[in-house]
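Note: the block below is structure-v5.csv and it holds CSV, C-alpha atoms and all ligand atoms.
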```
chain,number,residue,atom,x,y,z
P,1,MET,CA,-6.7,-25.4,17.1
P,2,ASN,CA,-5.2,-22.5,15.2
P,3,ILE,CA,-7.7,-19.8,14.2
P,4,LEU,CA,-7.6,-16.4,12.5
P,5,ILE,CA,-10.4,-13.9,12.9
P,6,PHE,CA,-11.0,-10.9,10.6
P,7,GLY,CA,-13.6,-8.1,10.7
P,8,PRO,CA,-13.6,-4.3,10.5
P,9,ASN,CA,-13.7,-2.1,13.6
P,10,GLY,CA,-17.3,-2.0,14.6
P,11,SER,CA,-18.2,-5.5,13.3
P,12,GLY,CA,-18.3,-7.2,16.8
P,13,LYS,CA,-15.1,-9.0,16.1
P,14,GLY,CA,-13.8,-8.6,19.6
P,15,THR,CA,-17.0,-10.0,21.1
P,16,GLN,CA,-17.1,-12.9,18.8
P,17,GLY,CA,-13.4,-13.6,19.4
P,18,THR,CA,-14.1,-13.9,23.1
P,19,ILE,CA,-16.9,-16.4,22.5
P,20,ILE,CA,-14.7,-18.5,20.2
P,21,GLN,CA,-11.8,-18.3,22.6
P,22,LYS,CA,-14.0,-19.7,25.4
P,23,LYS,CA,-15.3,-22.6,23.1
P,24,PHE,CA,-11.8,-23.8,22.2
P,25,GLY,CA,-9.9,-22.7,25.3
P,26,VAL,CA,-7.0,-21.3,23.3
P,27,PRO,CA,-5.3,-18.0,24.1
P,28,HIS,CA,-6.9,-15.0,22.4
P,29,ILE,CA,-3.9,-13.1,21.0
P,30,GLU,CA,-4.9,-9.5,20.1
P,31,THR,CA,-2.2,-7.4,18.5
P,32,GLY,CA,-3.7,-4.2,19.7
P,33,VAL,CA,-3.8,-5.4,23.3
P,34,ILE,CA,-0.2,-6.5,23.2
P,35,PHE,CA,0.8,-3.0,21.9
P,36,ARG,CA,-1.3,-1.2,24.6
P,37,GLU,CA,0.2,-3.4,27.4
P,38,ASN,CA,3.7,-2.6,26.2
P,39,ILE,CA,2.9,1.1,26.0
P,40,SER,CA,1.5,1.2,29.6
P,41,LYS,CA,4.5,-0.7,30.9
P,42,GLY,CA,6.8,1.7,29.1
P,43,THR,CA,8.8,-1.1,27.3
P,44,GLU,CA,11.1,-0.4,24.3
P,45,LEU,CA,8.5,-2.0,22.0
P,46,GLY,CA,5.8,0.2,23.5
P,47,LYS,CA,7.9,3.3,22.9
P,48,LYS,CA,8.5,2.3,19.3
P,49,ALA,CA,4.9,1.6,18.7
P,50,LYS,CA,3.2,4.5,20.4
P,51,GLY,CA,3.5,7.2,17.8
P,52,TYR,CA,2.1,4.9,15.1
P,53,ILE,CA,-0.8,3.9,17.2
P,54,ASP,CA,-1.6,7.5,18.3
P,55,ARG,CA,-1.7,8.5,14.6
P,56,GLY,CA,-4.0,5.5,13.7
P,57,GLU,CA,-1.3,4.0,11.5
P,58,LEU,CA,-0.1,0.5,11.4
P,59,VAL,CA,3.0,-0.2,13.4
P,60,PRO,CA,5.7,-1.2,10.9
P,61,ASP,CA,5.9,-4.8,9.8
P,62,ASP,CA,9.5,-5.2,11.0
P,63,ILE,CA,8.3,-4.7,14.5
P,64,THR,CA,4.9,-6.4,14.3
P,65,ILE,CA,5.7,-9.5,12.4
P,66,PRO,CA,8.5,-10.9,14.7
P,67,MET,CA,6.5,-9.8,17.7
P,68,ILE,CA,3.5,-12.0,16.7
P,69,LEU,CA,5.5,-14.9,15.3
P,70,ASN,CA,7.5,-15.1,18.6
P,71,ARG,CA,4.3,-14.9,20.6
P,72,LEU,CA,3.0,-17.9,18.8
P,73,LYS,CA,6.0,-19.9,19.9
P,74,GLU,CA,5.3,-19.3,23.6
P,75,ALA,CA,4.2,-22.3,25.8
P,76,ASP,CA,0.6,-21.4,26.1
P,77,CYS,CA,0.2,-21.6,22.3
P,78,ALA,CA,1.3,-25.2,22.1
P,79,LYS,CA,-2.4,-26.3,21.8
P,80,GLY,CA,-3.4,-23.5,19.5
P,81,TRP,CA,-4.3,-19.9,19.4
P,82,LEU,CA,-6.9,-17.4,18.2
P,83,LEU,CA,-5.2,-14.5,16.4
P,84,ASP,CA,-7.1,-11.3,16.3
P,85,GLY,CA,-5.8,-8.1,14.6
P,86,PHE,CA,-3.0,-9.9,12.7
P,87,PRO,CA,-2.5,-10.1,9.8
P,88,ARG,CA,-3.7,-6.7,9.0
P,89,ASN,CA,-2.0,-6.3,5.6
P,90,LEU,CA,-0.8,-8.5,2.7
P,91,ALA,CA,2.9,-8.6,3.9
P,92,GLN,CA,1.8,-9.8,7.3
P,93,ALA,CA,-0.4,-12.5,5.7
P,94,GLU,CA,2.5,-13.8,3.6
P,95,ALA,CA,4.8,-13.8,6.6
P,96,LEU,CA,2.4,-15.7,8.7
P,97,TRP,CA,1.6,-18.2,6.0
P,98,ASN,CA,5.3,-18.8,5.3
P,99,ALA,CA,6.1,-19.2,9.0
P,100,LEU,CA,3.2,-21.7,9.4
P,101,GLN,CA,4.4,-23.7,6.4
P,102,GLU,CA,7.9,-23.8,7.8
P,103,GLU,CA,6.7,-25.1,11.2
P,104,LYS,CA,4.3,-27.5,9.4
P,105,MET,CA,1.4,-25.9,11.3
P,106,GLN,CA,-2.0,-25.8,9.9
P,107,LEU,CA,-4.7,-23.1,10.0
P,108,ASP,CA,-7.9,-24.8,11.3
P,109,TYR,CA,-10.3,-21.9,10.8
P,110,VAL,CA,-10.1,-18.5,9.1
P,111,ILE,CA,-13.1,-16.4,10.0
P,112,GLU,CA,-14.3,-13.3,8.3
P,113,ILE,CA,-17.0,-11.2,9.8
P,114,VAL,CA,-18.5,-9.4,6.8
P,115,LEU,CA,-19.9,-5.9,7.4
P,116,ASP,CA,-20.1,-3.0,5.0
P,117,ARG,CA,-18.1,0.2,5.7
P,118,ASP,CA,-21.1,2.5,6.4
P,119,THR,CA,-22.7,0.1,8.9
P,120,SER,CA,-19.4,-0.5,10.7
P,121,LYS,CA,-18.8,3.3,11.0
P,122,LYS,CA,-22.4,3.9,12.3
P,123,ARG,CA,-22.0,1.2,14.9
P,124,ILE,CA,-18.8,2.7,16.2
P,125,MET,CA,-20.4,6.2,16.3
P,126,GLY,CA,-23.6,4.9,17.8
P,127,ARG,CA,-22.0,3.3,20.9
P,128,ARG,CA,-23.2,4.9,24.2
P,129,LEU,CA,-21.7,4.3,27.6
P,130,CYS,CA,-23.9,4.0,30.7
P,131,ALA,CA,-22.4,5.9,33.7
P,132,THR,CA,-23.5,3.1,36.1
P,133,ASP,CA,-22.0,0.2,34.1
P,134,ASN,CA,-19.9,0.5,31.0
P,135,ASN,CA,-20.8,-3.0,30.1
P,136,HIS,CA,-24.5,-2.2,29.6
P,137,PRO,CA,-24.9,-2.4,25.8
P,138,ASN,CA,-26.4,0.7,24.3
P,139,ASN,CA,-26.1,1.7,20.6
P,140,ILE,CA,-28.3,4.2,18.9
P,141,TYR,CA,-27.8,2.5,15.5
P,142,ILE,CA,-28.4,-1.1,16.6
P,143,ASP,CA,-32.1,-1.9,17.0
P,144,ALA,CA,-31.6,-4.8,19.5
P,145,ILE,CA,-29.7,-2.6,21.9
P,146,LYS,CA,-31.2,0.9,21.4
P,147,PRO,CA,-31.3,3.1,24.5
P,148,VAL,CA,-34.8,3.8,25.8
P,149,GLU,CA,-36.4,7.2,25.2
P,150,LYS,CA,-37.8,8.8,28.3
P,151,GLU,CA,-39.3,12.3,28.1
P,152,GLY,CA,-37.3,13.1,25.0
P,153,LYS,CA,-34.0,11.9,26.6
P,154,LEU,CA,-32.1,8.6,25.9
P,155,ILE,CA,-31.6,6.5,29.0
P,156,CYS,CA,-29.7,3.2,29.5
P,157,ARG,CA,-31.8,0.3,28.2
P,158,VAL,CA,-30.5,-2.0,31.0
P,159,CYS,CA,-30.7,0.0,34.2
P,160,GLY,CA,-32.4,3.2,33.2
P,161,CYS,CA,-29.4,5.3,34.1
P,162,GLU,CA,-29.9,8.8,32.6
P,163,LYS,CA,-26.3,9.5,32.0
P,164,LEU,CA,-25.3,8.0,28.6
P,165,THR,CA,-22.2,9.4,27.0
P,166,ALA,CA,-20.2,8.7,23.8
P,167,ARG,CA,-16.5,7.9,24.0
P,168,ALA,CA,-14.4,10.7,22.3
P,169,ASP,CA,-12.5,8.3,20.0
P,170,ASP,CA,-15.8,6.7,18.9
P,171,GLN,CA,-16.8,10.1,17.6
P,172,ASP,CA,-13.5,10.8,15.8
P,173,GLU,CA,-14.6,10.3,12.2
P,174,ALA,CA,-11.2,11.0,10.7
P,175,ALA,CA,-9.6,8.3,12.9
P,176,ILE,CA,-12.4,5.8,12.1
P,177,ASP,CA,-12.0,6.5,8.4
P,178,LYS,CA,-8.3,6.0,8.6
P,179,ARG,CA,-8.6,2.5,10.2
P,180,HIS,CA,-11.3,1.5,7.8
P,181,ASN,CA,-9.2,2.7,4.9
P,182,ILE,CA,-6.6,0.1,6.0
P,183,TYR,CA,-9.2,-2.6,6.6
P,184,TYR,CA,-11.2,-2.3,3.3
P,185,ASP,CA,-8.1,-1.9,1.1
P,186,THR,CA,-8.2,-4.9,-1.2
P,187,LYS,CA,-4.8,-4.2,-2.8
P,188,THR,CA,-2.5,-4.3,0.2
P,189,GLY,CA,-4.6,-3.9,3.3
P,190,THR,CA,-6.6,-6.3,5.5
P,191,LEU,CA,-9.1,-7.4,2.8
P,192,ALA,CA,-6.0,-8.2,0.6
P,193,ALA,CA,-4.9,-10.4,3.5
P,194,VAL,CA,-8.3,-12.1,3.7
P,195,ASN,CA,-8.2,-12.7,-0.1
P,196,TYR,CA,-4.7,-14.2,0.2
P,197,PHE,CA,-6.1,-16.8,2.6
P,198,LYS,CA,-9.2,-17.4,0.5
P,199,GLN,CA,-6.8,-18.6,-2.2
P,200,ARG,CA,-5.2,-21.1,0.2
P,201,VAL,CA,-7.7,-22.3,2.7
P,202,LYS,CA,-11.5,-22.2,3.2
P,203,VAL,CA,-12.5,-19.0,4.8
P,204,ILE,CA,-15.7,-19.0,6.9
P,205,GLU,CA,-17.7,-15.9,6.1
P,206,VAL,CA,-20.3,-14.7,8.6
P,207,ASP,CA,-22.7,-11.9,8.1
P,208,GLY,CA,-22.0,-9.3,10.8
P,209,ASN,CA,-25.4,-7.5,10.4
P,210,PRO,CA,-27.5,-9.6,12.9
P,211,SER,CA,-27.4,-9.4,16.7
P,212,VAL,CA,-24.3,-10.6,18.7
P,213,LYS,CA,-26.3,-13.7,19.7
P,214,GLU,CA,-27.4,-14.5,16.1
P,215,VAL,CA,-23.9,-13.9,14.7
P,216,SER,CA,-22.3,-16.1,17.4
P,217,GLU,CA,-24.9,-18.9,16.8
P,218,SER,CA,-24.3,-19.0,13.1
P,219,LEU,CA,-20.6,-18.9,13.6
P,220,LEU,CA,-20.5,-21.6,16.3
P,221,LYS,CA,-22.5,-23.8,14.0
P,222,LYS,CA,-19.8,-23.5,11.3
P,223,LEU,CA,-17.0,-24.3,13.8
P,224,VAL,CA,-17.6,-28.0,14.3
O,301,LIG,P1,-6.7,-2.6,17.6
O,301,LIG,O1,-6.9,-2.6,19.1
O,301,LIG,O2,-6.7,-3.9,17.0
O,301,LIG,O3,-7.6,-1.7,16.9
O,301,LIG,O4,-5.2,-2.0,17.3
O,301,LIG,C1,-4.8,-0.7,17.8
O,301,LIG,C2,-3.6,-0.2,17.0
O,301,LIG,O5,-2.5,-1.1,17.2
O,301,LIG,C3,-3.8,-0.1,15.5
O,301,LIG,O6,-4.5,1.1,15.1
O,301,LIG,C4,-2.4,-0.2,15.0
O,301,LIG,O7,-1.8,1.1,15.2
O,301,LIG,C5,-1.8,-1.2,15.9
O,301,LIG,N1,-1.9,-2.5,15.4
O,301,LIG,C6,-2.7,-3.5,15.8
O,301,LIG,N2,-2.6,-4.6,15.0
O,301,LIG,C7,-1.6,-4.3,14.1
O,301,LIG,C8,-1.0,-5.1,13.1
O,301,LIG,N3,-1.3,-6.3,12.8
O,301,LIG,N4,0.0,-4.4,12.4
O,301,LIG,C9,0.4,-3.2,12.7
O,301,LIG,N5,-0.2,-2.4,13.6
O,301,LIG,C10,-1.2,-3.0,14.4
```
structure tokens encoding of this file:
Amino acid sequence: MNILIFGPNGSGKGTQGTIIQKKFGVPHIETGVIFRENISKGTELGKKAKGYIDRGELVPDDITIPMILNRLKEADCAKGWLLDGFPRNLAQAEALWNALQEEKMQLDYVIEIVLDRDTSKKRIMGRRLCATDNNHPNNIYIDAIKPVEKEGKLICRVCGCEKLTARADDQDEAAIDKRHNIYYDTKTGTLAAVNYFKQRVKVIEVDGNPSVKEVSESLLKKLV
């Protein structure tokens, strides 16, 4: 089972990706995770990629494309893969498509989580971290997981912890805009890659507006 998943930052793509990965038992290959692992291990690849990542730019295609195409040839991918964060532009889409054609491999599902730019941005900026447990979901812009108000203060909706904070990078509007500029670019960016696949295979579109549970239910229904 070979699957691609697209969705802007803030659309819940990572969460849905994990749910899909569990359903099909294929490796979840996240480009961003591979880069971050290489940076923390201090590899040559990590050194090359770091500056681009710190600036919120895409790592150049001549580094990223071979890295991913080689990753797909590793033994754990023999039964399939879920690719997340690649392709992120038109050139990467073409490279992946051509490589799959050459290997006579098919794409079983291409998924697009559709969410408008304003909502995606609000969701990122609305995330709040609970000091007791970072996994307690709190977001001031998502009704289903809004923190609770107590005596004029917002507290964790799961455990009542009074210390809710925002991650600094979630509040960096310029960085969020930069990433969204790449995603929503229909000429050469990620939406151009999505459209490239729409011309070749059936792309499953899922509305990213409802809750995580509703989105995953409607998505899993379409993945039969
Ligand atoms: P992510 O965790 O997916 O948001 O990725 C973090 C960073 O890794 C991005 O901002 C890019 O700098 C880099 N990156 C991730 N995926 C790609 C890709 N397909 N092409 C180029 N750079 C990427």
Proximity to Val203 (chain P) - best of P:Glu103, P:Glu44, P:Asp62, P:Asp108, all atoms listed in the file: P:Asp108
Within 8 Å of file point (-6.3, -7.6, 11.1), counting only C-alpha atoms, expressed as a PyMOL selection string: chain P and resi 5-7+84-89+183+190
Using the selection just defined, write its residues with C-alpha atoms as a CSV table (one decimal), keeping the file's coordinate frame.
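Written out: out.csv:
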```csv
chain,number,residue,atom,x,y,z
P,5,ILE,CA,-10.4,-13.9,12.9
P,6,PHE,CA,-11.0,-10.9,10.6
P,7,GLY,CA,-13.6,-8.1,10.7
P,84,ASP,CA,-7.1,-11.3,16.3
P,85,GLY,CA,-5.8,-8.1,14.6
P,86,PHE,CA,-3.0,-9.9,12.7
P,87,PRO,CA,-2.5,-10.1,9.8
P,88,ARG,CA,-3.7,-6.7,9.0
P,89,ASN,CA,-2.0,-6.3,5.6
P,183,TYR,CA,-9.2,-2.6,6.6
P,190,THR,CA,-6.6,-6.3,5.5
```
Between chain P and ligand LIG 301 (chain O), at 7 Å or less, what are the per-residue closest atom pairs and their distances in Å? Count all atoms listed in the file, order by chain and rising residue number, and return it as a Markdown table.
```
| residue | atom | partner | partner_atom | distance |
| --- | --- | --- | --- | --- |
| P:Asn9 | CA | O:LIG301 | O3 | 6.9 |
| P:Glu30 | CA | O:LIG301 | O2 | 6.6 |
| P:Thr31 | CA | O:LIG301 | N2 | 4.5 |
| P:Gly32 | CA | O:LIG301 | O4 | 3.6 |
| P:Val33 | CA | O:LIG301 | O1 | 5.9 |
| P:Phe35 | CA | O:LIG301 | O5 | 6.0 |
| P:Tyr52 | CA | O:LIG301 | O7 | 5.4 |
| P:Ile53 | CA | O:LIG301 | O7 | 3.6 |
| P:Gly56 | CA | O:LIG301 | O6 | 4.6 |
| P:Glu57 | CA | O:LIG301 | O7 | 4.7 |
| P:Leu58 | CA | O:LIG301 | N5 | 3.6 |
| P:Val59 | CA | O:LIG301 | N5 | 3.9 |
| P:Pro60 | CA | O:LIG301 | C9 | 5.9 |
| P:Asp61 | CA | O:LIG301 | C9 | 6.4 |
| P:Thr64 | CA | O:LIG301 | N4 | 5.6 |
| P:Gly85 | CA | O:LIG301 | N2 | 4.8 |
| P:Phe86 | CA | O:LIG301 | N3 | 4.0 |
| P:Pro87 | CA | O:LIG301 | N3 | 5.0 |
| P:Arg88 | CA | O:LIG301 | N3 | 4.5 |
| P:Arg179 | CA | O:LIG301 | O6 | 6.5 |
```
Pick from P:Ile113, P:Ala175, P:Val26, P:Leu69, whichever lies nearest to Leu191 (chain P) using only C-alpha atoms: P:Ile113
Selection near Ser120 (chain P), 9 Å with all atoms listed in the file, sequence-local residues under 3 positions removed, as a ChimeraX atom specification: /P:8-11,115-117,123-125,180
Expected residue set, 12 Å radius at (-0.9, -26.0, 10.3), only C-alpha atoms, as an MDAnalysis selection string: chainID P and resid 1:4 79:81 96:110 201
Pick from P:Lys187, P:Lys121, P:Lys23, P:Lys50, whichever lies nearest to Leu90 (chain P) using only C-alpha atoms: P:Lys187
To test the calculation: enclose all listed atoms of region 180-194 of chain P in a box whose edges run along x, y and z, add 6 Å on each side, then state centre and edge lengths in Å to one decimal, as AutoDock Vina command-line options.
```
--center_x -6.9 --center_y -4.7 --center_z 2.5 --size_x 20.8 --size_y 26.8 --size_z 22.6
```
Using all atoms listed in the file: which of P:Ile20, P:Val158, P:Ile111, P:Ile145 has the shortest distance to Ala131 (chain P): P:Val158
12 Å contact set for region 148-154 of chain P, all atoms listed in the file, chain neighbours under 4 positions out, as a PyMOL selection string: chain P and resi 128-130+137-140+143-144+158-165
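CA of Gln21 (chain P) is positioned 9.8 Å from CA of Leu83 (chain P).
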Coordinates-based distance that separates CA of Lys13 (chain P) from CA of Ile63 (chain P) (Å, one decimal): 23.8 Å
Region 132-155 of chain P rebuilt with N, CA, C and O atoms, output as a PDB file, keeping the file's coordinate frame:
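Contents of result06.pdb, freshly written:
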```pdb
ATOM      1  N   THR P 132     -23.458   4.112  34.955  1.00  0.00           N
ATOM      2  CA  THR P 132     -23.500   3.100  36.100  1.00  0.00           C
ATOM      3  C   THR P 132     -22.686   1.908  35.754  1.00  0.00           C
ATOM      4  O   THR P 132     -21.996   1.395  36.624  1.00  0.00           O
ATOM      5  N   ASP P 133     -22.763   1.420  34.505  1.00  0.00           N
ATOM      6  CA  ASP P 133     -22.000   0.200  34.100  1.00  0.00           C
ATOM      7  C   ASP P 133     -21.662   0.286  32.647  1.00  0.00           C
ATOM      8  O   ASP P 133     -22.551   0.189  31.793  1.00  0.00           O
ATOM      9  N   ASN P 134     -20.352   0.417  32.370  1.00  0.00           N
ATOM     10  CA  ASN P 134     -19.900   0.500  31.000  1.00  0.00           C
ATOM     11  C   ASN P 134     -20.240  -0.702  30.133  1.00  0.00           C
ATOM     12  O   ASN P 134     -20.223  -0.653  28.905  1.00  0.00           O
ATOM     13  N   ASN P 135     -20.515  -1.819  30.815  1.00  0.00           N
ATOM     14  CA  ASN P 135     -20.800  -3.000  30.100  1.00  0.00           C
ATOM     15  C   ASN P 135     -22.278  -3.137  29.648  1.00  0.00           C
ATOM     16  O   ASN P 135     -22.653  -4.089  28.958  1.00  0.00           O
ATOM     17  N   HIS P 136     -23.111  -2.199  30.066  1.00  0.00           N
ATOM     18  CA  HIS P 136     -24.500  -2.200  29.600  1.00  0.00           C
ATOM     19  C   HIS P 136     -24.526  -1.820  28.133  1.00  0.00           C
ATOM     20  O   HIS P 136     -24.159  -0.687  27.816  1.00  0.00           O
ATOM     21  N   PRO P 137     -24.930  -2.735  27.251  1.00  0.00           N
ATOM     22  CA  PRO P 137     -24.900  -2.400  25.800  1.00  0.00           C
ATOM     23  C   PRO P 137     -25.933  -1.405  25.374  1.00  0.00           C
ATOM     24  O   PRO P 137     -27.125  -1.651  25.581  1.00  0.00           O
ATOM     25  N   ASN P 138     -25.489  -0.297  24.821  1.00  0.00           N
ATOM     26  CA  ASN P 138     -26.400   0.700  24.300  1.00  0.00           C
ATOM     27  C   ASN P 138     -25.813   1.212  22.968  1.00  0.00           C
ATOM     28  O   ASN P 138     -24.640   1.606  22.949  1.00  0.00           O
ATOM     29  N   ASN P 139     -26.613   1.180  21.896  1.00  0.00           N
ATOM     30  CA  ASN P 139     -26.100   1.700  20.600  1.00  0.00           C
ATOM     31  C   ASN P 139     -27.283   2.284  19.856  1.00  0.00           C
ATOM     32  O   ASN P 139     -28.266   1.588  19.600  1.00  0.00           O
ATOM     33  N   ILE P 140     -27.171   3.572  19.513  1.00  0.00           N
ATOM     34  CA  ILE P 140     -28.300   4.200  18.900  1.00  0.00           C
ATOM     35  C   ILE P 140     -28.589   3.720  17.453  1.00  0.00           C
ATOM     36  O   ILE P 140     -29.628   3.967  16.886  1.00  0.00           O
ATOM     37  N   TYR P 141     -27.616   2.985  16.886  1.00  0.00           N
ATOM     38  CA  TYR P 141     -27.800   2.500  15.500  1.00  0.00           C
ATOM     39  C   TYR P 141     -28.114   0.978  15.466  1.00  0.00           C
ATOM     40  O   TYR P 141     -28.255   0.426  14.385  1.00  0.00           O
ATOM     41  N   ILE P 142     -28.147   0.307  16.624  1.00  0.00           N
ATOM     42  CA  ILE P 142     -28.400  -1.100  16.600  1.00  0.00           C
ATOM     43  C   ILE P 142     -29.790  -1.355  17.294  1.00  0.00           C
ATOM     44  O   ILE P 142     -29.915  -1.129  18.512  1.00  0.00           O
ATOM     45  N   ASP P 143     -30.779  -1.764  16.506  1.00  0.00           N
ATOM     46  CA  ASP P 143     -32.100  -1.900  17.000  1.00  0.00           C
ATOM     47  C   ASP P 143     -32.215  -2.710  18.323  1.00  0.00           C
ATOM     48  O   ASP P 143     -32.902  -2.333  19.269  1.00  0.00           O
ATOM     49  N   ALA P 144     -31.485  -3.858  18.328  1.00  0.00           N
ATOM     50  CA  ALA P 144     -31.600  -4.800  19.500  1.00  0.00           C
ATOM     51  C   ALA P 144     -31.079  -4.157  20.777  1.00  0.00           C
ATOM     52  O   ALA P 144     -31.464  -4.594  21.859  1.00  0.00           O
ATOM     53  N   ILE P 145     -30.229  -3.162  20.696  1.00  0.00           N
ATOM     54  CA  ILE P 145     -29.700  -2.600  21.900  1.00  0.00           C
ATOM     55  C   ILE P 145     -29.804  -1.042  21.936  1.00  0.00           C
ATOM     56  O   ILE P 145     -28.946  -0.327  22.457  1.00  0.00           O
ATOM     57  N   LYS P 146     -30.912  -0.565  21.365  1.00  0.00           N
ATOM     58  CA  LYS P 146     -31.200   0.900  21.400  1.00  0.00           C
ATOM     59  C   LYS P 146     -31.449   1.385  22.760  1.00  0.00           C
ATOM     60  O   LYS P 146     -32.209   0.733  23.487  1.00  0.00           O
ATOM     61  N   PRO P 147     -30.876   2.535  23.162  1.00  0.00           N
ATOM     62  CA  PRO P 147     -31.300   3.100  24.500  1.00  0.00           C
ATOM     63  C   PRO P 147     -32.760   3.403  24.462  1.00  0.00           C
ATOM     64  O   PRO P 147     -33.370   3.568  23.399  1.00  0.00           O
ATOM     65  N   VAL P 148     -33.336   3.491  25.645  1.00  0.00           N
ATOM     66  CA  VAL P 148     -34.800   3.800  25.800  1.00  0.00           C
ATOM     67  C   VAL P 148     -34.982   5.277  25.777  1.00  0.00           C
ATOM     68  O   VAL P 148     -34.165   6.014  26.322  1.00  0.00           O
ATOM     69  N   GLU P 149     -36.081   5.724  25.148  1.00  0.00           N
ATOM     70  CA  GLU P 149     -36.400   7.200  25.200  1.00  0.00           C
ATOM     71  C   GLU P 149     -37.321   7.476  26.302  1.00  0.00           C
ATOM     72  O   GLU P 149     -38.352   6.832  26.450  1.00  0.00           O
ATOM     73  N   LYS P 150     -36.931   8.430  27.138  1.00  0.00           N
ATOM     74  CA  LYS P 150     -37.800   8.800  28.300  1.00  0.00           C
ATOM     75  C   LYS P 150     -37.869  10.340  28.303  1.00  0.00           C
ATOM     76  O   LYS P 150     -36.832  11.005  28.443  1.00  0.00           O
ATOM     77  N   GLU P 151     -39.056  10.852  28.129  1.00  0.00           N
ATOM     78  CA  GLU P 151     -39.300  12.300  28.100  1.00  0.00           C
ATOM     79  C   GLU P 151     -38.268  13.025  27.234  1.00  0.00           C
ATOM     80  O   GLU P 151     -37.601  13.982  27.628  1.00  0.00           O
ATOM     81  N   GLY P 152     -38.128  12.479  26.021  1.00  0.00           N
ATOM     82  CA  GLY P 152     -37.300  13.100  25.000  1.00  0.00           C
ATOM     83  C   GLY P 152     -35.779  12.889  25.260  1.00  0.00           C
ATOM     84  O   GLY P 152     -34.934  13.438  24.554  1.00  0.00           O
ATOM     85  N   LYS P 153     -35.436  12.102  26.264  1.00  0.00           N
ATOM     86  CA  LYS P 153     -34.000  11.900  26.600  1.00  0.00           C
ATOM     87  C   LYS P 153     -33.707  10.378  26.432  1.00  0.00           C
ATOM     88  O   LYS P 153     -34.585   9.538  26.682  1.00  0.00           O
ATOM     89  N   LEU P 154     -32.489  10.056  26.011  1.00  0.00           N
ATOM     90  CA  LEU P 154     -32.100   8.600  25.900  1.00  0.00           C
ATOM     91  C   LEU P 154     -31.547   8.166  27.243  1.00  0.00           C
ATOM     92  O   LEU P 154     -30.676   8.819  27.824  1.00  0.00           O
ATOM     93  N   ILE P 155     -32.065   7.017  27.705  1.00  0.00           N
ATOM     94  CA  ILE P 155     -31.600   6.500  29.000  1.00  0.00           C
ATOM     95  C   ILE P 155     -31.083   5.017  28.725  1.00  0.00           C
ATOM     96  O   ILE P 155     -31.456   4.385  27.730  1.00  0.00           O
TER      97      ILE P 155
END
```
